[in-house]
Structures are given as structure tokens and as C-alpha cells.
Amino acid sequence: MNDVLDVAFRLVVVFAVFLVLPLVIGQTEHKVMAHMQGRLGPMYAGGFHGWAQLVADGVKFAQKEDVVPANADRRIFQLAPAVALLPYLLVLVAIPIGPSEGAVGEIVDAGIFFVLAVMGVGVLGSLMAGWASANKFSLLGGLRTAAQLLAYELPMLLAAASVAMAAGTVSLPGIVNAFEWWWLPWQIVGALVFFVAGLAELQRPPFDMPVADSEIIFGAYTEYTGLRFALFLLAEYAGIVVLCGLTTVLFLGGWHGPFGAEGLGWVWTLLKTAVLAFIVIWLRVSYPRLREDQLQKLAWTTLVPLALAQIALTGIVKVVNS
Amino acid sequence: MSLAAAQGFLSPTGVEIAFLLVGIATLGAAVVTVTTKQLVHAALWLVVALGGLAVEYLLLTAEFVAWVQVLIYVGSVVVLLLFGLMLTKAPIGRSPDADSGNRPAALVVALAAAAALVWVVVDAFRTAWIDLDGPAQGSTKVSGTILFRHWVLPFEALSVLLLAALVGAIVLSRKDRTTDREGQR
Amino acid sequence: MAPIPGSGLAKGLAVTLRTMTKKSHTAQYPDVQPELPPRTRGVIGLFEENCTVCMLCARECPDWCIYIDSHKETIPAATPGGRERSRNVLDRFAIDFALCMYCGICIEVCPFDALFWSPEFEYAETDIHDLTHERDKLREWMWTVPEPPALDPGAEEPKEIAAARKAAEKVAAAQAAAAAEAAEPAGQAPQATDSTPAAQTDTAVAEQAQREQAQPPQAQRPAEGGTE
């Protein structure tokens, strides 16, 4: 019975994190982006500097009518947001934030593979939405999503494989446990490749070609309204949480820090995740959108070779060291 | 293997029941995949079937294989499939020309393949039982050891096959381009 | 010198980061009123007392957004046997701000300083008809007209003040001369009595000129119009 309670408690905590952190990041994006553009951002909702803006947005979305286009493929159209959102929830379960047993939702043996596999499933939601909307812009968005995913999945996997090689394990807590400070310069290229490819997979600017508003309105999500649309947005921000958490765990040493490693490990993890999330927002504000051919070129001619070089470097260091 | 005697078909455990149910669901999804008239639905039912297979692997404690299954098949192959379908302007609703006259032939081939596979698997394992409570026999470590110690040769042969496919793809795409150029001249 | 690869990317990041640390430019308008420059063209105020119904403004208005109605009144002769005079009386003066394009020509052409710019701008309405401001509303805008900005240091005096001062100085000089004459041997009484009325009027003019110097004519000071 205790086990059941324990599992239930963990799931509730993970679910709460899943609901809260994306909102925090969304709010941070509102404010950081505003100030980077010399604006103030939301100031009214909730009273103090618009802290409740996203809550208000959520209420607004919940009130809106849920429209399904007449020619759309009804069931797939309605199912797509769930397919897009749920994988990130599942991934969050496996990300460890502290060194102790209790600091991870569920220890998965093949952690890296689990995480990357399930993240890949999330993109299916966008594809389903793009096809089922019966809208040419949605279809174009779906096509671009698929093309982007195919291009960036490979460098992401290769970069993750490099870390797994370095640590000698594919379990996420195992990788963080094996982390030493000099891994940072050693794996820096892999980290960059992983982060950039992850951004592209989340369709975050500057890789937001699939939802390029000036060309195809909102890509695969064009026809969505109300709560389902909100779910897609939530999926995007949950994706940021997952990507930043994963990069932290794989490349930045998770709970390792200059001091306070034992008790305050989770603070380090959260801090690093937050800094990465800030960088995600920062990149969005700073750079223009990449064209489709530039996207493909970056993936195949820059990221893949870099990831392969990183794997070679990892292998050499590993062999020489042992 | 020694546990075989202790197991029986008449007192199924929870895992066995789950295995069976997921298997039935997977089979159903697979049948719908090939019989549905809606192209994209077929691809999505394929996702269900492949996911069901991954769950079966999980139930057999082959965690690594399960996640790789999801990563490669659901995450990449189906995405590629959907990408292709979107390029072909797959209609929403039924496509009446989705069927060809090869239905009986396909059925025969499918049944033959299924029979061969079932026969091989049954013949190979017969009454071997997996000990679910002991150390996982399909963990990453075990899989890696077996793959790179006992089955290195088939593994490498497979990679040669992939290389051949890669070279073939390059040759095909290059050929197209030269003919295009000639056509322009 | 070839730029270092990626320096452009870094520069972009630096720009956004620098902007983030600076103060933002957002005008928090409903909470904080904007600081408008003098001569802001917000709304037009009417100082009715100065209006002679000459109709120049209505004629010059490119949008035809000024409506003026008036009638003539005859004033009985001021002196017995004198001529009766007629005078224009304003019945209606309205500006349709739905049509107005804030060119300010009416204010420029008004020969009697009856129209003024006011910086007030919060007069949005839910009905377009309410944007036609009648004379009472135009008068209310009058109280929001700011003081004219001060003259530049070293600028020429305003004409009316200069003229008044000149007159005052002349009077003062005449007075001084008279006083000097009065101080001379007495017994020239008839001459002195002769000059007295003239001196009195002169002092009156001088006093008025001094008043005006301290306080420009009312037309320039619309804020005081309310006391009438």
C-alpha cells in the first residue's frame, strides 16, 4: 500500500511541476522578451507586474468555443493536442533533479533512449494536427514540422550518444553521477549541438519555420481554438522545460555545483534549467527566423558533422583515459 | 529455463494477461492498418501497432529494445511515412483507389510470413520462460553485451546492408539530376 | 579584416541583453499622464468674448467642421443724436472633432485671438455626434489652455508692451518737465492750471501702461477669462 501511495505522490508532484514550470517559463518569456524590446510586458493581471497573465490567458482559452472545421478529420483533429502534450509529461517523469532516490519521478534504465523516443512521439501531434485540419497552411506546417524533425533528430541522438559513451551508461541519474567538471569543456560541442537540435525540434525561434506566422499563419495549429490550442502552447513550453532539464542533466552536471552538492542539489538543477530557459527566450528575441533551406543546411552540414566529431573525440579520450 | 516446470498455462500471472491483451490490441491495430481505406489513418494505426509492440518488449523486460522501437519506428519511420503521405495530397476521408487487385496475393504472403515467423519462434524457444523477478534479461547492458559479443557478425552485416541502401539512394538521386540536366539541354 | 565567425550572432545577443538592462520606453498612459510638449494640438478652445463672428475660421477650415450661427443686434446711439450701431451676436459656435484634422488653420487665421490650442486629448465618445463640441464645451476647453510659453531670453519685447512702455516713458518725461516747471518761480498759476488736465490724463495712461507691463492683455491670458 505504501508503494502505491509513494507512486501516486510522485506522479502528483511531477504533474504539478508539469503544470507550473511551463507557466513560469511562459511568464518569464513575456517579461524578458518585453524588456529586451524596451517594453514592460503584461502589467495588470494579478496586480503585481502582471504575474497572473498566463492564468488569465488560460481562463480565456477555457471560455472560448472549441471549433472543429467542417471538413476536418474530427477524431484525429481532437486527439492531436493530447498526443502533442502527453509525451512531455512522460519525459518529465524520468528527469532526475537531485542525487537522492526521491528526486526523480521514476528511474528508467535506458533513460536517454526513453526520453528521446518519447519526445519524438510528441511531434506526431503536430503532424496529426497539420493533416487533419483540412487547411493548406496547416498541411504546409505539418510538412515543415516533419522535415525539420527528420533533419534534427539525428544530431540530437548523436550528441546524446556521445554523453552516454562518456558516462558508460544510458541511465540519466547514472550519467549525472559520473559527471566531472572537465566534462564541460570536453562535451561542449555535443552540448551545443544537442541544445540547438532540441530547439529546432521544439520549433522555437529561430527554428520556427513550421509555425512561421508571416507565411503560414500558425502552421499546424492554425485551425485550433480554445482549450486545444492552449494545450499546444502548453506543449511548447513544457518542451522548453524538458529540453533545458535534459541539457542540464546530460551536459551541465545536473545537481553538481561548486558547493552544497548534497542537500541543495536540486537547487543547482533548477538553477541551470532556468538559465537555459532564459537562453531559449534570449535566442528567440535576438535572431530572425531561418529559411527552410538554411534549416536543412544547418542540420546536415553543420550539426551532424559536429556531433560525429564530438563522438570521435569522446571515444579517443575514453580509450586514452582507460 | 528451469522455471518452465513451475509455470503453467492455466494459472496466468498479471503480466501474462497484460501481454496477451496488448498482443490482441496490437494485432487488431495491425489488421486495421492494412484494411482501412483512409491512408493517414492507416499510418496512425501503424503507430498504435508499433507502440503496442514496444509495450510487449517492455513486458518482456527488454527495456532498451522497447525504447529503440519507439525512437526509430514511431519517432522516425512513421514521421517519414506521414511526410510522404502529406506530399501525396492524401485526402481526408476514404480513398477508393487505396485498394489494388493484389489483395489475395498480399494475404497469402502475409499468412506465409506469419506462419514462418511463428514456427521459427516457437521452435526456437518452445517452453523457455523469462524470469521477470530476477535481473532483467533485456536491460541495456545485457543487450549490448550479447549484441557485440555473440552477434557481432550479423550486426556488421546489417550495417553493410544500410550502407548499400545509402549508396543506392545517392546513386538514384544523382541519376535523376543528370537526366534533368540533359532534359533541360 | 575578416570578421570572426559568429561575431554577428554575439553582437545580436549583446544588443538584446543591453536593451533588457535599460529602462523600458513603454508609456503607462492611463496610469501615468503623458508629458505633452507645449503647443500640443489636443483640442480647440473658444474664448467667446473675443469672437466677433467674422466667420474667417469657418471659411478657412479645410474640413468645414466649424459651425457658426449669429444674428445682428442694434445698439442705440451712445450719444443723443448719434448713429445707431449694429453688432454681431454669436448664437452657436461648434467644432465637429469627428471631421477636424487638427491643422490649426482656424487658430492661425482668427484675428481676435478667440481660438486656442489645448493639450487635452481625452474626449473620445461612443457616439460620433457627441464629437461635435458646442460653445459651452469649447469654453470649458478654454480653461485647459496653458500659459503661452515664456519668451526666449534676449527676445524682443512684445509689441503692445513696447508701445505702452514708450507711451509711459513719454508721459513720465512730460511729468518731469512739468514738475520742473512747477518748481520754478511761482506766480505762473494760470499756466499751471492750464497744464493740469493734460498731466492728469498723462498719468492715467502711464499707470495703465505699467499695469499692462505686469500683466499682458487678457486675450493673451485666457485663463483669466473665467473671472468674467
# chains A, B, ... in the order shown; residues from 1 in each chain; ligands from 1
call {"tool": "residues_around", "arguments": {"residues": "Val40 of chain B", "least_positions_apart": "5", "cutoff": "12 Å", "atoms": "only C-alpha atoms", "output": "number ranges by chain"}}
result
A: 73, 76, 124, 127-132; B: 32-34, 45-47, 78-79, 81-95, 98
call {"tool": "closest_atom_pairs", "arguments": {"of": "chain A", "to": "chain C", "cutoff": "9 Å", "atoms": "only C-alpha atoms", "output": "JSON lines"}}
result
{"residue": "A:Val32", "atom": "CA", "partner": "C:Met20", "partner_atom": "CA", "distance": 7.3}
{"residue": "A:Met33", "atom": "CA", "partner": "C:Met20", "partner_atom": "CA", "distance": 8.3}
{"residue": "A:Ala34", "atom": "CA", "partner": "C:Met20", "partner_atom": "CA", "distance": 8.2}
{"residue": "A:His35", "atom": "CA", "partner": "C:Met20", "partner_atom": "CA", "distance": 4.7}
{"residue": "A:Met36", "atom": "CA", "partner": "C:Met20", "partner_atom": "CA", "distance": 4.1}
{"residue": "A:Gln37", "atom": "CA", "partner": "C:Thr19", "partner_atom": "CA", "distance": 6.6}
{"residue": "A:Gly38", "atom": "CA", "partner": "C:Ser24", "partner_atom": "CA", "distance": 4.2}
{"residue": "A:Arg39", "atom": "CA", "partner": "C:Ser24", "partner_atom": "CA", "distance": 5.0}
{"residue": "A:Leu40", "atom": "CA", "partner": "C:Thr26", "partner_atom": "CA", "distance": 6.2}
{"residue": "A:Gly41", "atom": "CA", "partner": "C:Thr26", "partner_atom": "CA", "distance": 8.9}
{"residue": "A:Trp282", "atom": "CA", "partner": "C:Leu13", "partner_atom": "CA", "distance": 7.3}
{"residue": "A:Leu283", "atom": "CA", "partner": "C:Leu13", "partner_atom": "CA", "distance": 7.3}
{"residue": "A:Val285", "atom": "CA", "partner": "C:Thr16", "partner_atom": "CA", "distance": 7.2}
{"residue": "A:Ser286", "atom": "CA", "partner": "C:Leu13", "partner_atom": "CA", "distance": 5.7}
{"residue": "A:Tyr287", "atom": "CA", "partner": "C:Gly12", "partner_atom": "CA", "distance": 7.2}
call {"tool": "write_last_selection", "arguments": {"atoms": "all heavy atoms", "output": "compact mmCIF listing (two decimals), in the first residue's frame"}}
result
# COMPACT_ATOMS: atom_id res chain seq x y z
N VAL A 32 10.74 38.90 -20.05
CA VAL A 32 12.10 39.06 -20.59
C VAL A 32 12.04 39.59 -22.01
O VAL A 32 12.76 40.53 -22.37
CB VAL A 32 12.85 37.71 -20.53
CG1 VAL A 32 14.11 37.77 -21.36
CG2 VAL A 32 13.17 37.36 -19.10
N MET A 33 11.14 39.03 -22.79
CA MET A 33 11.05 39.46 -24.18
C MET A 33 10.66 40.94 -24.23
O MET A 33 11.22 41.71 -25.00
CB MET A 33 10.02 38.61 -24.92
CG MET A 33 10.07 38.77 -26.40
SD MET A 33 9.37 37.37 -27.23
CE MET A 33 7.67 37.77 -27.19
N ALA A 34 9.71 41.32 -23.38
CA ALA A 34 9.27 42.70 -23.36
C ALA A 34 10.44 43.62 -23.04
O ALA A 34 10.68 44.61 -23.75
CB ALA A 34 8.16 42.88 -22.34
N HIS A 35 11.19 43.29 -22.00
CA HIS A 35 12.26 44.20 -21.60
C HIS A 35 13.39 44.22 -22.61
O HIS A 35 14.07 45.23 -22.78
CB HIS A 35 12.77 43.82 -20.22
CG HIS A 35 11.86 44.31 -19.13
ND1 HIS A 35 11.88 45.60 -18.69
CD2 HIS A 35 10.88 43.69 -18.44
CE1 HIS A 35 10.95 45.76 -17.75
NE2 HIS A 35 10.33 44.61 -17.59
N MET A 36 13.59 43.06 -23.29
CA MET A 36 14.62 43.06 -24.33
C MET A 36 14.21 43.92 -25.51
O MET A 36 15.03 44.34 -26.31
CB MET A 36 14.89 41.64 -24.81
CG MET A 36 15.78 40.87 -23.86
SD MET A 36 16.16 39.26 -24.50
CE MET A 36 17.45 38.76 -23.36
N GLN A 37 12.92 44.18 -25.64
CA GLN A 37 12.45 45.04 -26.72
C GLN A 37 12.10 46.43 -26.19
O GLN A 37 11.42 47.19 -26.88
CB GLN A 37 11.23 44.40 -27.38
CG GLN A 37 11.57 43.09 -28.05
CD GLN A 37 10.36 42.30 -28.44
OE1 GLN A 37 9.29 42.52 -27.91
NE2 GLN A 37 10.54 41.37 -29.36
N GLY A 38 12.54 46.74 -24.97
CA GLY A 38 12.28 48.06 -24.42
C GLY A 38 10.84 48.27 -24.02
O GLY A 38 10.38 49.40 -23.95
N ARG A 39 10.11 47.18 -23.76
CA ARG A 39 8.72 47.30 -23.33
C ARG A 39 8.62 46.83 -21.88
O ARG A 39 9.59 46.42 -21.28
CB ARG A 39 7.81 46.42 -24.19
CG ARG A 39 7.81 46.71 -25.64
CD ARG A 39 6.83 45.82 -26.38
NE ARG A 39 7.31 44.46 -26.51
CZ ARG A 39 6.72 43.41 -25.96
NH1 ARG A 39 5.64 43.56 -25.22
NH2 ARG A 39 7.19 42.20 -26.13
N LEU A 40 7.40 46.87 -21.36
CA LEU A 40 7.19 46.41 -19.98
C LEU A 40 6.55 45.03 -19.94
O LEU A 40 6.68 44.31 -18.96
CB LEU A 40 6.29 47.39 -19.23
CG LEU A 40 6.95 48.68 -18.80
CD1 LEU A 40 5.90 49.62 -18.26
CD2 LEU A 40 8.00 48.41 -17.75
N GLY A 41 5.80 44.66 -20.96
CA GLY A 41 5.09 43.39 -20.92
C GLY A 41 3.83 43.51 -20.10
O GLY A 41 3.40 44.61 -19.75
N TRP A 282 16.08 34.26 -24.89
CA TRP A 282 17.01 35.24 -25.41
C TRP A 282 17.24 35.02 -26.90
O TRP A 282 17.22 35.97 -27.70
CB TRP A 282 18.31 35.08 -24.64
CG TRP A 282 19.33 36.15 -24.80
CD1 TRP A 282 19.18 37.34 -25.45
CD2 TRP A 282 20.65 36.11 -24.29
NE1 TRP A 282 20.34 38.05 -25.37
CE2 TRP A 282 21.26 37.33 -24.67
CE3 TRP A 282 21.39 35.20 -23.55
CZ2 TRP A 282 22.58 37.62 -24.33
CZ3 TRP A 282 22.70 35.49 -23.21
CH2 TRP A 282 23.28 36.70 -23.60
N LEU A 283 17.42 33.76 -27.27
CA LEU A 283 17.63 33.45 -28.69
C LEU A 283 16.42 33.85 -29.50
O LEU A 283 16.53 34.37 -30.60
CB LEU A 283 17.90 31.95 -28.86
CG LEU A 283 19.24 31.47 -28.33
CD1 LEU A 283 19.33 29.96 -28.44
CD2 LEU A 283 20.37 32.11 -29.10
N VAL A 285 14.38 36.25 -28.97
CA VAL A 285 14.29 37.69 -29.18
C VAL A 285 15.35 38.17 -30.16
O VAL A 285 15.12 39.09 -30.93
CB VAL A 285 14.44 38.43 -27.83
CG1 VAL A 285 14.30 39.91 -28.02
CG2 VAL A 285 13.42 37.92 -26.84
N SER A 286 16.52 37.51 -30.14
CA SER A 286 17.66 38.08 -30.86
C SER A 286 17.71 37.74 -32.33
O SER A 286 18.18 38.53 -33.13
CB SER A 286 18.96 37.61 -30.20
OG SER A 286 19.00 38.02 -28.86
N TYR A 287 17.26 36.55 -32.69
CA TYR A 287 17.55 36.11 -34.06
C TYR A 287 16.30 36.02 -34.92
O TYR A 287 15.24 35.64 -34.45
CB TYR A 287 18.24 34.74 -34.03
CG TYR A 287 19.57 34.80 -33.37
CD1 TYR A 287 20.03 33.77 -32.56
CD2 TYR A 287 20.39 35.91 -33.53
CE1 TYR A 287 21.26 33.84 -31.94
CE2 TYR A 287 21.61 35.98 -32.91
CZ TYR A 287 22.04 34.94 -32.12
OH TYR A 287 23.25 35.02 -31.51
call {"tool": "atom_distance", "arguments": {"atom1": "atom CA of Leu23 of chain A", "atom2": "atom CA of Ala62 of chain A"}}
result
15.6 Å
call {"tool": "closest_atom_pairs", "arguments": {"of": "chain A", "to": "chain B", "cutoff": "9 Å", "atoms": "only C-alpha atoms", "output": "JSON lines"}}
result
{"residue": "A:Asn71", "atom": "CA", "partner": "B:Ile92", "partner_atom": "CA", "distance": 7.8}
{"residue": "A:Ala72", "atom": "CA", "partner": "B:Ile92", "partner_atom": "CA", "distance": 7.3}
{"residue": "A:Asp73", "atom": "CA", "partner": "B:Ile92", "partner_atom": "CA", "distance": 6.3}
{"residue": "A:Ile76", "atom": "CA", "partner": "B:His41", "partner_atom": "CA", "distance": 8.5}
{"residue": "A:Val108", "atom": "CA", "partner": "B:Glu63", "partner_atom": "CA", "distance": 8.7}
{"residue": "A:Asp109", "atom": "CA", "partner": "B:Ser139", "partner_atom": "CA", "distance": 7.3}
{"residue": "A:Ala110", "atom": "CA", "partner": "B:Phe64", "partner_atom": "CA", "distance": 5.7}
{"residue": "A:Phe113", "atom": "CA", "partner": "B:Trp67", "partner_atom": "CA", "distance": 5.7}
{"residue": "A:Phe114", "atom": "CA", "partner": "B:Trp67", "partner_atom": "CA", "distance": 5.3}
{"residue": "A:Val115", "atom": "CA", "partner": "B:Trp67", "partner_atom": "CA", "distance": 8.7}
{"residue": "A:Leu116", "atom": "CA", "partner": "B:Leu71", "partner_atom": "CA", "distance": 6.8}
{"residue": "A:Ala117", "atom": "CA", "partner": "B:Leu71", "partner_atom": "CA", "distance": 3.9}
{"residue": "A:Val118", "atom": "CA", "partner": "B:Leu71", "partner_atom": "CA", "distance": 7.1}
{"residue": "A:Met119", "atom": "CA", "partner": "B:Gly75", "partner_atom": "CA", "distance": 8.2}
{"residue": "A:Gly120", "atom": "CA", "partner": "B:Gly75", "partner_atom": "CA", "distance": 4.7}
{"residue": "A:Val121", "atom": "CA", "partner": "B:Gly75", "partner_atom": "CA", "distance": 5.3}
{"residue": "A:Gly122", "atom": "CA", "partner": "B:Gly75", "partner_atom": "CA", "distance": 8.5}
{"residue": "A:Val123", "atom": "CA", "partner": "B:Gly75", "partner_atom": "CA", "distance": 8.0}
{"residue": "A:Leu124", "atom": "CA", "partner": "B:Val79", "partner_atom": "CA", "distance": 6.9}
{"residue": "A:Leu127", "atom": "CA", "partner": "B:Leu82", "partner_atom": "CA", "distance": 7.4}
{"residue": "A:Met128", "atom": "CA", "partner": "B:Leu44", "partner_atom": "CA", "distance": 8.5}
{"residue": "A:Trp131", "atom": "CA", "partner": "B:Met86", "partner_atom": "CA", "distance": 7.1}
{"residue": "A:Ala132", "atom": "CA", "partner": "B:Ile92", "partner_atom": "CA", "distance": 7.2}
{"residue": "A:Ala134", "atom": "CA", "partner": "B:Ile92", "partner_atom": "CA", "distance": 7.3}
{"residue": "A:Leu139", "atom": "CA", "partner": "B:Met86", "partner_atom": "CA", "distance": 7.1}
{"residue": "A:Leu140", "atom": "CA", "partner": "B:Met86", "partner_atom": "CA", "distance": 8.6}
{"residue": "A:Gly142", "atom": "CA", "partner": "B:Phe83", "partner_atom": "CA", "distance": 8.0}
{"residue": "A:Leu143", "atom": "CA", "partner": "B:Phe83", "partner_atom": "CA", "distance": 5.9}
{"residue": "A:Arg144", "atom": "CA", "partner": "B:Phe83", "partner_atom": "CA", "distance": 8.8}
{"residue": "A:Thr145", "atom": "CA", "partner": "B:Phe83", "partner_atom": "CA", "distance": 9.0}
{"residue": "A:Ala146", "atom": "CA", "partner": "B:Phe83", "partner_atom": "CA", "distance": 5.9}
{"residue": "A:Ala147", "atom": "CA", "partner": "B:Phe83", "partner_atom": "CA", "distance": 7.3}
{"residue": "A:Leu149", "atom": "CA", "partner": "B:Val79", "partner_atom": "CA", "distance": 8.2}
{"residue": "A:Leu150", "atom": "CA", "partner": "B:Ser76", "partner_atom": "CA", "distance": 6.7}
{"residue": "A:Glu153", "atom": "CA", "partner": "B:Ser76", "partner_atom": "CA", "distance": 8.2}
{"residue": "A:Thr169", "atom": "CA", "partner": "B:Lys141", "partner_atom": "CA", "distance": 8.5}
{"residue": "A:Val170", "atom": "CA", "partner": "B:Thr140", "partner_atom": "CA", "distance": 7.8}
call {"tool": "atom_distance", "arguments": {"atom1": "atom CA of Lys272 of chain A", "atom2": "atom CA of Val24 of chain A"}}
result
14.9 Å
call {"tool": "residues_around", "arguments": {"residues": "segment 23-28 of chain B", "least_positions_apart": "5", "cutoff": "7 Å", "atoms": "only C-alpha atoms", "output": "NGL selection string"}}
result
:B and (49 or 52-53)
call {"tool": "write_last_selection", "arguments": {"atoms": "N, CA and C atoms", "output": "compact mmCIF listing (two decimals), in the first residue's frame"}}
result
# COMPACT_ATOMS: atom_id res chain seq x y z
N ALA B 49 0.11 0.10 -33.55
CA ALA B 49 0.65 -1.26 -33.61
C ALA B 49 2.10 -1.28 -33.14
N GLY B 52 2.27 -0.76 -29.50
CA GLY B 52 1.90 -1.99 -28.81
C GLY B 52 3.06 -2.96 -28.75
N LEU B 53 3.79 -3.05 -29.84
CA LEU B 53 4.98 -3.91 -29.85
C LEU B 53 5.97 -3.46 -28.78
call {"tool": "atom_distance", "arguments": {"atom1": "atom CA of Val241 of chain A", "atom2": "atom CA of Ile95 of chain A"}}
result
10.6 Å
call {"tool": "residues_around", "arguments": {"residues": "segment 37-54 of chain C", "least_positions_apart": "2", "cutoff": "9 Å", "atoms": "only C-alpha atoms", "output": "PyMOL selection string"}}
result
chain C and resi 35+56-58+68-70+87-90+93+95+97+102-104+107+110-123+135-146+148-149+219+222+225
call {"tool": "closest_residue", "arguments": {"among": "A:Ala230, A:Ala151, A:Met43, A:Leu184", "to": "Lys64 of chain A", "atoms": "only C-alpha atoms"}}
result
A:Ala230
call {"tool": "residues_around", "arguments": {"residues": "segment 292-297 of chain A", "least_positions_apart": "3", "cutoff": "12 Å", "atoms": "only C-alpha atoms", "output": "mmCIF file with C-alpha atoms, in the first residue's frame"}}
result
data_model
loop_
_atom_site.group_PDB
_atom_site.id
_atom_site.type_symbol
_atom_site.label_atom_id
_atom_site.label_comp_id
_atom_site.auth_asym_id
_atom_site.auth_seq_id
_atom_site.Cartn_x
_atom_site.Cartn_y
_atom_site.Cartn_z
ATOM 1 C CA LEU A 140 2.381 23.047 -45.023
ATOM 2 C CA GLY A 141 3.118 23.474 -41.346
ATOM 3 C CA LEU A 143 5.220 19.109 -43.749
ATOM 4 C CA ARG A 144 7.751 21.561 -42.419
ATOM 5 C CA THR A 145 7.484 20.029 -38.962
ATOM 6 C CA ALA A 146 8.180 16.591 -40.363
ATOM 7 C CA ALA A 147 11.106 17.773 -42.475
ATOM 8 C CA GLN A 148 12.593 19.607 -39.523
ATOM 9 C CA LEU A 149 12.167 16.652 -37.197
ATOM 10 C CA LEU A 150 13.817 14.269 -39.648
ATOM 11 C CA ALA A 151 16.765 16.618 -40.013
ATOM 12 C CA TYR A 152 17.361 17.403 -36.363
ATOM 13 C CA GLU A 153 16.589 14.069 -34.712
ATOM 14 C CA PRO A 155 22.320 15.261 -34.485
ATOM 15 C CA VAL A 196 20.339 23.653 -30.933
ATOM 16 C CA ALA A 197 18.794 20.470 -32.306
ATOM 17 C CA LEU A 199 15.353 23.967 -30.074
ATOM 18 C CA ALA A 200 14.710 23.005 -33.665
ATOM 19 C CA GLU A 201 12.651 20.039 -32.586
ATOM 20 C CA GLN A 203 10.095 24.663 -33.268
ATOM 21 C CA PRO A 205 12.597 30.629 -32.871
ATOM 22 C CA PRO A 206 14.922 30.919 -34.726
ATOM 23 C CA PHE A 207 13.793 27.483 -35.909
ATOM 24 C CA ASP A 208 10.072 28.273 -36.047
ATOM 25 C CA MET A 209 9.654 27.762 -39.752
ATOM 26 C CA PRO A 210 6.772 25.282 -39.197
ATOM 27 C CA VAL A 211 4.707 27.942 -37.429
ATOM 28 C CA ALA A 212 6.040 30.930 -39.367
ATOM 29 C CA GLU A 215 3.853 32.785 -44.170
ATOM 30 C CA PRO A 288 15.363 36.154 -37.145
ATOM 31 C CA ARG A 289 13.747 33.011 -38.462
ATOM 32 C CA TRP A 300 23.081 18.280 -42.259
ATOM 33 C CA THR A 301 26.259 20.240 -42.938
ATOM 34 C CA THR A 302 26.988 21.668 -39.500
ATOM 35 C CA LEU A 303 25.302 19.844 -36.665
ATOM 36 C CA VAL A 304 25.695 16.263 -37.896
ATOM 37 C CA PRO A 305 29.436 16.595 -38.644
#
